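To keep things clear, I will list the structure first and then write my remarks on it.
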Amino acid sequence: YQGLAGRSTSEVLQLYSAHGQQQKLQRSSAVTQLHGVLKKRLKQDLKSLCSFVLELSKDFQHQSKTHLCQVLTAIQGIQLENEAMQMFQMKAFDLEQSLQEVTERYEKEKQKRRALHNSLVELRGNIRVHCRIRPLLPFGTASGQAISEDRQRNFSEKVAYATDDETVLVKCSRPGHAPINRTFQFERVYNALESQDIVFADVAPLLTSLLDGYNVCIMAYGQTGSGKTYTMLGPQLEENFAFSIEDESELGIIPRATQEVFRLLSEKPPGSYWVEVSVVEVYNNDIFDLLAKDNYGKVFGVKREVVTTREGKSDVPLLMHETVENAAEFLHLVNKGLQLRVRHPTLVHAHSSRSHLVVTLTITTIISGDNFGTSWEDEPMSHRLNKDVSCTFPQKMRDNKSTSSSRASSPTQLEATEKLKQVKTRLQLVDLAGSECVGMSGVTGAALRETSYINRSLSALADVLGAIAEQRSHVPYRNSKLTHLLQDSLGGDAKLLVMLCISPDQKYLTESMQTLGFGTRARQVQRGQVKKKNFPVPSKAK
Ligand code: ADP
Ligand code: MG
């Protein structure tokens, strides 16, 4: 400002603006410098950022490529696995199908083989032998309380098995005894789990045969406690020895067979048949009529005799035959008869039956004159041409001619036809007495006598089968009342089924082997083809 003194205002103004401009110039060069530096820095940063981003994207690309590759490989792997799985599935399906085909073929072949075997059995007149192995039972159920100590040991050890539906295997090794490993073949073998239903299913075709005109006999053979009565009748009621008809699924062959017979008969023309029943027991070689009656009702102890007729058939004169109209009536009668059955509690079985029980169901079919066949060989002449037809009808039918629903057309209608003929077919159902060996049961006195009679009658049965098997001219039917009574069924007049019953327990090994031996011999019997009764075609046949 000192220098400004003495200067004019315009000079001062000039100097002032020059100074301002200089300062402006100085500031703008600093800004430019700063701008340059900043720009350079920014460029550098941008460059490094770019290269970083580039790096990053390269890295990312690389990584994503690798992952993509991995995903692709994994997908390929999965696809391959899927294909393999599908192939396996297809193979499994194919295998399953072929297994099913093979199983079906096997079943068909088995059925064919069975059918062929059955025809062979029919042709040869073989005795069909089935074997049922009962379940192991809790101690005391099937065996008495007083079994000897020796027998109590190993009481529940199983030695008999059904290896398939035709084979029994007995396998046992006891210290001090030779080991046993034997198989037995039968037409059918039932294991412990097979129900009464299944057993009956195999018996049912025989009943169709019965209605076709064949005699049929089914008998249960085995030691006491092996399941004969269970198989033939069903579980027994403790208090009165009758069998329970409450539980249908537990019913045995006799009640089921009767139901089936009446079912089959219901398809026949009403009035063309009637059914009679007789119940006998063979005890100590005597035949007792369990349906015998006096004026006051049932009596026990009525003995009957078995005779051989002129035609060579066995017959029991005076034997009570009761007419029954349905299965319930039949079962009621059988149950009443059973309550009279002689028993002696041996030590083997608390309720052992010491007699043979023979229940016979006779179907008489009436054929009117127009339908007679030319061959008529079954009935004796006296029965064949009945001048007084009404006398051949059972008492009940004569008394009650119009009430029966199953035989709606009354016998009087049939009486009007002069020429009436009958064909009788017979179903014999036999529950044999226990086949245990004497001495094993610990019996003495009267019971020993019973046992020895039982053994003699069962030996007689085996002898008869042996004689038939060897085709001997003399068959010793008359050696025992049992065989004499069953003569026609045993000798080839009937389709015969023996149902062997065995206990699986080791303690009954001896008896089981004896039973299996009996069955094996029975199977070898060839009696020649069983004859069919000649049924003319009934006029009212549906
Ligand atoms: P058996 O008449 O041969 O002397 P049972 O038929 O009386 O023999 O049978 C003896 C016991 O075994 C009975 O208590 C019976 O109910 C039982 N039992 C027999 N077989 C069978 C079976 N298959 N299933 C169940 N229990 C059976
Ligand atoms: Mg019994």
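The way I read the labels, and the way they are meant: chains A, B, ... in the order of the structure tokens, residue 1 as the first residue of every chain, and ligand 1 as the first ligand shown, with later ones counted on from there.
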So which residues are near ligand 1, meaning at most 8 Å away with only C-alpha atoms and all ligand atoms counted, given back as a PDB file with N, CA and C atoms, in the first residue's frame?
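Written output follows (result-v7.pdb):
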```
ATOM      1  N   ARG A 132     -51.950-138.298   9.213  1.00  0.00           N
ATOM      2  CA  ARG A 132     -52.076-137.001   9.883  1.00  0.00           C
ATOM      3  C   ARG A 132     -51.199-137.003  11.134  1.00  0.00           C
ATOM      4  N   ILE A 133     -50.339-136.009  11.227  1.00  0.00           N
ATOM      5  CA  ILE A 133     -49.498-135.885  12.414  1.00  0.00           C
ATOM      6  C   ILE A 133     -50.143-134.836  13.308  1.00  0.00           C
ATOM      7  N   ARG A 134     -50.536-135.226  14.484  1.00  0.00           N
ATOM      8  CA  ARG A 134     -51.213-134.253  15.345  1.00  0.00           C
ATOM      9  C   ARG A 134     -50.175-133.329  15.993  1.00  0.00           C
ATOM     10  N   PRO A 135     -50.602-132.172  16.508  1.00  0.00           N
ATOM     11  CA  PRO A 135     -49.631-131.262  17.138  1.00  0.00           C
ATOM     12  C   PRO A 135     -49.106-131.871  18.437  1.00  0.00           C
ATOM     13  N   LEU A 137     -48.880-131.889  22.165  1.00  0.00           N
ATOM     14  CA  LEU A 137     -49.880-131.359  23.087  1.00  0.00           C
ATOM     15  C   LEU A 137     -49.250-131.152  24.453  1.00  0.00           C
ATOM     16  N   THR A 141     -52.650-133.665  28.286  1.00  0.00           N
ATOM     17  CA  THR A 141     -53.819-133.487  27.425  1.00  0.00           C
ATOM     18  C   THR A 141     -54.146-134.782  26.692  1.00  0.00           C
ATOM     19  N   ALA A 142     -53.123-135.296  26.028  1.00  0.00           N
ATOM     20  CA  ALA A 142     -53.369-136.507  25.267  1.00  0.00           C
ATOM     21  C   ALA A 142     -52.823-137.716  25.989  1.00  0.00           C
ATOM     22  N   SER A 143     -51.975-137.485  26.985  1.00  0.00           N
ATOM     23  CA  SER A 143     -51.388-138.620  27.665  1.00  0.00           C
ATOM     24  C   SER A 143     -51.860-138.596  29.106  1.00  0.00           C
ATOM     25  N   ALA A 192     -49.106-130.800  11.485  1.00  0.00           N
ATOM     26  CA  ALA A 192     -49.884-130.462  12.691  1.00  0.00           C
ATOM     27  C   ALA A 192     -50.752-129.215  12.498  1.00  0.00           C
ATOM     28  N   LEU A 193     -50.377-128.372  11.532  1.00  0.00           N
ATOM     29  CA  LEU A 193     -51.112-127.111  11.368  1.00  0.00           C
ATOM     30  C   LEU A 193     -52.309-127.262  10.441  1.00  0.00           C
ATOM     31  N   GLU A 194     -52.395-128.393   9.754  1.00  0.00           N
ATOM     32  CA  GLU A 194     -53.471-128.519   8.760  1.00  0.00           C
ATOM     33  C   GLU A 194     -54.802-128.829   9.448  1.00  0.00           C
ATOM     34  N   SER A 195     -55.790-128.027   9.053  1.00  0.00           N
ATOM     35  CA  SER A 195     -57.065-128.002   9.786  1.00  0.00           C
ATOM     36  C   SER A 195     -57.984-129.133   9.359  1.00  0.00           C
ATOM     37  N   GLN A 196     -59.076-129.256  10.085  1.00  0.00           N
ATOM     38  CA  GLN A 196     -60.118-130.231   9.764  1.00  0.00           C
ATOM     39  C   GLN A 196     -60.669-129.952   8.359  1.00  0.00           C
ATOM     40  N   TYR A 221     -56.765-145.092  11.832  1.00  0.00           N
ATOM     41  CA  TYR A 221     -55.922-146.093  12.499  1.00  0.00           C
ATOM     42  C   TYR A 221     -54.820-145.361  13.252  1.00  0.00           C
ATOM     43  N   GLY A 222     -54.522-145.812  14.445  1.00  0.00           N
ATOM     44  CA  GLY A 222     -53.417-145.190  15.200  1.00  0.00           C
ATOM     45  C   GLY A 222     -53.553-145.515  16.673  1.00  0.00           C
ATOM     46  N   GLN A 223     -52.516-145.198  17.414  1.00  0.00           N
ATOM     47  CA  GLN A 223     -52.557-145.493  18.843  1.00  0.00           C
ATOM     48  C   GLN A 223     -53.532-144.560  19.557  1.00  0.00           C
ATOM     49  N   THR A 224     -53.877-144.897  20.749  1.00  0.00           N
ATOM     50  CA  THR A 224     -54.749-144.039  21.553  1.00  0.00           C
ATOM     51  C   THR A 224     -54.068-142.679  21.765  1.00  0.00           C
ATOM     52  N   GLY A 225     -54.824-141.637  21.591  1.00  0.00           N
ATOM     53  CA  GLY A 225     -54.288-140.298  21.811  1.00  0.00           C
ATOM     54  C   GLY A 225     -53.622-139.701  20.579  1.00  0.00           C
ATOM     55  N   SER A 226     -53.689-140.415  19.444  1.00  0.00           N
ATOM     56  CA  SER A 226     -52.993-139.902  18.254  1.00  0.00           C
ATOM     57  C   SER A 226     -53.886-139.015  17.399  1.00  0.00           C
ATOM     58  N   GLY A 227     -55.183-138.932  17.750  1.00  0.00           N
ATOM     59  CA  GLY A 227     -56.052-138.011  17.004  1.00  0.00           C
ATOM     60  C   GLY A 227     -57.083-138.681  16.113  1.00  0.00           C
ATOM     61  N   LYS A 228     -57.352-139.967  16.319  1.00  0.00           N
ATOM     62  CA  LYS A 228     -58.336-140.668  15.464  1.00  0.00           C
ATOM     63  C   LYS A 228     -59.733-140.076  15.646  1.00  0.00           C
ATOM     64  N   THR A 229     -60.160-139.983  16.920  1.00  0.00           N
ATOM     65  CA  THR A 229     -61.513-139.495  17.177  1.00  0.00           C
ATOM     66  C   THR A 229     -61.624-138.020  16.780  1.00  0.00           C
ATOM     67  N   TYR A 230     -60.555-137.266  17.047  1.00  0.00           N
ATOM     68  CA  TYR A 230     -60.543-135.856  16.651  1.00  0.00           C
ATOM     69  C   TYR A 230     -60.730-135.754  15.135  1.00  0.00           C
ATOM     70  N   THR A 231     -60.013-136.590  14.404  1.00  0.00           N
ATOM     71  CA  THR A 231     -60.087-136.546  12.949  1.00  0.00           C
ATOM     72  C   THR A 231     -61.443-137.030  12.441  1.00  0.00           C
ATOM     73  N   MET A 232     -61.967-138.102  13.030  1.00  0.00           N
ATOM     74  CA  MET A 232     -63.221-138.670  12.531  1.00  0.00           C
ATOM     75  C   MET A 232     -64.438-137.870  13.009  1.00  0.00           C
ATOM     76  N   GLY A 234     -64.289-135.051  15.802  1.00  0.00           N
ATOM     77  CA  GLY A 234     -64.013-133.690  16.263  1.00  0.00           C
ATOM     78  C   GLY A 234     -63.627-133.770  17.729  1.00  0.00           C
ATOM     79  N   PRO A 235     -63.395-132.626  18.366  1.00  0.00           N
ATOM     80  CA  PRO A 235     -62.996-132.668  19.773  1.00  0.00           C
ATOM     81  C   PRO A 235     -64.128-133.246  20.622  1.00  0.00           C
ATOM     82  N   GLN A 236     -63.754-134.096  21.560  1.00  0.00           N
ATOM     83  CA  GLN A 236     -64.787-134.746  22.377  1.00  0.00           C
ATOM     84  C   GLN A 236     -65.128-133.907  23.591  1.00  0.00           C
ATOM     85  N   HIS A 349     -54.185-142.984  27.858  1.00  0.00           N
ATOM     86  CA  HIS A 349     -55.097-141.912  27.514  1.00  0.00           C
ATOM     87  C   HIS A 349     -56.268-141.940  28.466  1.00  0.00           C
ATOM     88  N   HIS A 351     -59.230-140.859  28.344  1.00  0.00           N
ATOM     89  CA  HIS A 351     -60.547-141.205  27.808  1.00  0.00           C
ATOM     90  C   HIS A 351     -60.407-142.138  26.630  1.00  0.00           C
ATOM     91  N   SER A 352     -59.537-143.102  26.780  1.00  0.00           N
ATOM     92  CA  SER A 352     -59.273-143.925  25.606  1.00  0.00           C
ATOM     93  C   SER A 352     -60.506-144.762  25.281  1.00  0.00           C
ATOM     94  N   SER A 353     -60.755-144.894  24.021  1.00  0.00           N
ATOM     95  CA  SER A 353     -61.857-145.753  23.623  1.00  0.00           C
ATOM     96  C   SER A 353     -61.283-147.125  23.330  1.00  0.00           C
ATOM     97  N   ASP A 431     -63.826-145.596  13.432  1.00  0.00           N
ATOM     98  CA  ASP A 431     -62.840-145.054  14.375  1.00  0.00           C
ATOM     99  C   ASP A 431     -62.311-146.275  15.129  1.00  0.00           C
ATOM    100  N   ALA A 433     -60.088-148.787  17.513  1.00  0.00           N
ATOM    101  CA  ALA A 433     -59.546-148.663  18.871  1.00  0.00           C
ATOM    102  C   ALA A 433     -58.039-148.466  18.766  1.00  0.00           C
ATOM    103  N   GLY A 434     -57.436-147.974  19.821  1.00  0.00           N
ATOM    104  CA  GLY A 434     -56.008-147.646  19.812  1.00  0.00           C
ATOM    105  C   GLY A 434     -55.112-148.826  19.478  1.00  0.00           C
ATOM    106  N   CYS A 501     -53.139-141.963  12.018  1.00  0.00           N
ATOM    107  CA  CYS A 501     -52.953-140.840  12.935  1.00  0.00           C
ATOM    108  C   CYS A 501     -51.721-141.125  13.774  1.00  0.00           C
TER     109      CYS A 501
END
```
message: Please identify the alpha helix (DSSP H) residues within segment 106-337 of chain A (assignment by DSSP from backbone atoms) and present them as an MDAnalysis selection string.
response: chainID A and resid 106:124 149:152 196:212 228:232 253:265 327:337
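Contact shell of Leu265 of chain A at 9 Å (only C-alpha atoms; same-chain neighbours under 5 positions omitted): Leu211, Glu260, Pro270, Tyr273 and Ser406 of chain A.
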Output the selection as a CSV table (one decimal), in the first residue's frame - N, CA and C atoms for each residue.
```csv
chain,number,residue,atom,x,y,z
A,211,LEU,N,-72.2,-141.0,-4.2
A,211,LEU,CA,-73.4,-140.7,-4.8
A,211,LEU,C,-73.4,-141.2,-6.3
A,260,GLU,N,-72.2,-133.2,3.7
A,260,GLU,CA,-71.9,-133.2,2.3
A,260,GLU,C,-72.9,-134.2,1.6
A,270,PRO,N,-86.6,-135.4,-5.4
A,270,PRO,CA,-87.2,-135.7,-4.1
A,270,PRO,C,-87.9,-137.0,-4.2
A,273,TYR,N,-84.8,-141.3,-2.8
A,273,TYR,CA,-83.8,-142.0,-2.0
A,273,TYR,C,-84.2,-141.9,-0.5
A,406,SER,N,-87.6,-133.2,2.3
A,406,SER,CA,-86.5,-133.6,1.4
A,406,SER,C,-87.1,-134.6,0.4
```
Can you write out as JSON lines which residues of segment 464-529 of chain A fall within 10 Å of segment 102-123 of chain A, alongside each residue's closest atom pair and its distance in Å to one decimal, counting only C-alpha atoms and ordering rows by chain and ascending residue number?
```
{"residue": "A:Lys495", "atom": "CA", "partner": "A:Glu122", "partner_atom": "CA", "distance": 8.2}
{"residue": "A:Arg523", "atom": "CA", "partner": "A:Val121", "partner_atom": "CA", "distance": 9.4}
{"residue": "A:Gln526", "atom": "CA", "partner": "A:Val121", "partner_atom": "CA", "distance": 8.4}
{"residue": "A:Arg527", "atom": "CA", "partner": "A:Leu123", "partner_atom": "CA", "distance": 9.0}
{"residue": "A:Gly528", "atom": "CA", "partner": "A:Leu123", "partner_atom": "CA", "distance": 6.4}
{"residue": "A:Gln529", "atom": "CA", "partner": "A:Leu123", "partner_atom": "CA", "distance": 4.7}
```
Serialized selection, all heavy atoms, as an mmCIF file, in the first residue's frame:
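File result_28.cif, as written:
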```cif
data_model
loop_
_atom_site.group_PDB
_atom_site.id
_atom_site.type_symbol
_atom_site.label_atom_id
_atom_site.label_comp_id
_atom_site.auth_asym_id
_atom_site.auth_seq_id
_atom_site.Cartn_x
_atom_site.Cartn_y
_atom_site.Cartn_z
ATOM 1 N N LYS A 495 -64.341 -148.083 -2.084
ATOM 2 C CA LYS A 495 -63.165 -147.213 -2.126
ATOM 3 C C LYS A 495 -62.767 -147.008 -0.674
ATOM 4 O O LYS A 495 -63.582 -146.566 0.130
ATOM 5 C CB LYS A 495 -63.512 -145.873 -2.773
ATOM 6 C CG LYS A 495 -63.847 -146.016 -4.240
ATOM 7 C CD LYS A 495 -63.834 -144.676 -4.937
ATOM 8 C CE LYS A 495 -64.146 -144.881 -6.417
ATOM 9 N NZ LYS A 495 -63.948 -143.667 -7.199
ATOM 10 N N ARG A 523 -50.952 -149.725 1.791
ATOM 11 C CA ARG A 523 -50.844 -149.018 0.499
ATOM 12 C C ARG A 523 -50.490 -149.959 -0.643
ATOM 13 O O ARG A 523 -50.738 -149.672 -1.795
ATOM 14 C CB ARG A 523 -49.717 -147.992 0.630
ATOM 15 C CG ARG A 523 -50.176 -146.605 0.454
ATOM 16 C CD ARG A 523 -48.992 -145.718 0.301
ATOM 17 N NE ARG A 523 -49.110 -144.962 -0.932
ATOM 18 C CZ ARG A 523 -48.108 -144.385 -1.532
ATOM 19 N NH1 ARG A 523 -46.888 -144.484 -1.036
ATOM 20 N NH2 ARG A 523 -48.292 -143.700 -2.636
ATOM 21 N N GLN A 526 -53.386 -154.414 -3.637
ATOM 22 C CA GLN A 526 -54.061 -154.134 -4.905
ATOM 23 C C GLN A 526 -55.255 -155.063 -4.987
ATOM 24 O O GLN A 526 -55.085 -156.274 -5.043
ATOM 25 C CB GLN A 526 -53.113 -154.375 -6.074
ATOM 26 C CG GLN A 526 -51.948 -153.422 -6.069
ATOM 27 C CD GLN A 526 -50.996 -153.649 -7.218
ATOM 28 O OE1 GLN A 526 -51.286 -154.416 -8.138
ATOM 29 N NE2 GLN A 526 -49.856 -152.999 -7.158
ATOM 30 N N ARG A 527 -56.441 -154.485 -4.986
ATOM 31 C CA ARG A 527 -57.626 -155.336 -4.918
ATOM 32 C C ARG A 527 -58.343 -155.449 -6.258
ATOM 33 O O ARG A 527 -59.385 -156.045 -6.364
ATOM 34 C CB ARG A 527 -58.596 -154.767 -3.882
ATOM 35 C CG ARG A 527 -57.986 -154.655 -2.499
ATOM 36 C CD ARG A 527 -58.903 -153.888 -1.585
ATOM 37 N NE ARG A 527 -59.131 -152.541 -2.093
ATOM 38 C CZ ARG A 527 -60.090 -151.735 -1.677
ATOM 39 N NH1 ARG A 527 -60.920 -152.136 -0.748
ATOM 40 N NH2 ARG A 527 -60.219 -150.532 -2.164
ATOM 41 N N GLY A 528 -57.802 -154.818 -7.275
ATOM 42 C CA GLY A 528 -58.531 -154.787 -8.549
ATOM 43 C C GLY A 528 -59.547 -153.669 -8.493
ATOM 44 O O GLY A 528 -59.937 -153.233 -7.416
ATOM 45 N N GLN A 529 -59.966 -153.231 -9.688
ATOM 46 C CA GLN A 529 -60.820 -152.035 -9.745
ATOM 47 C C GLN A 529 -62.100 -152.197 -8.931
ATOM 48 O O GLN A 529 -62.774 -153.217 -9.029
ATOM 49 C CB GLN A 529 -61.183 -151.743 -11.197
ATOM 50 C CG GLN A 529 -61.750 -150.369 -11.364
ATOM 51 C CD GLN A 529 -61.828 -149.972 -12.826
ATOM 52 O OE1 GLN A 529 -61.549 -150.781 -13.705
ATOM 53 N NE2 GLN A 529 -62.214 -148.752 -13.076
#
```
task: Might you pull out every residue within 7 Å of Leu251 of chain A, with only C-alpha atoms counted and same-chain residues fewer than 4 positions away left off, and present them as an MDAnalysis selection string?
output: chainID A and resid 196 233:234 245 247 255:256
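The nearest approach to ligand 2 among the residues A:Leu432, A:Thr309, A:Leu38, A:Asp59, with only C-alpha atoms and all ligand atoms taken into account, belongs to A:Leu432.
Taking atom CA of Ala522 of chain A as the reference point, atom CA of Val129 of chain A is found at 7.3 Å.
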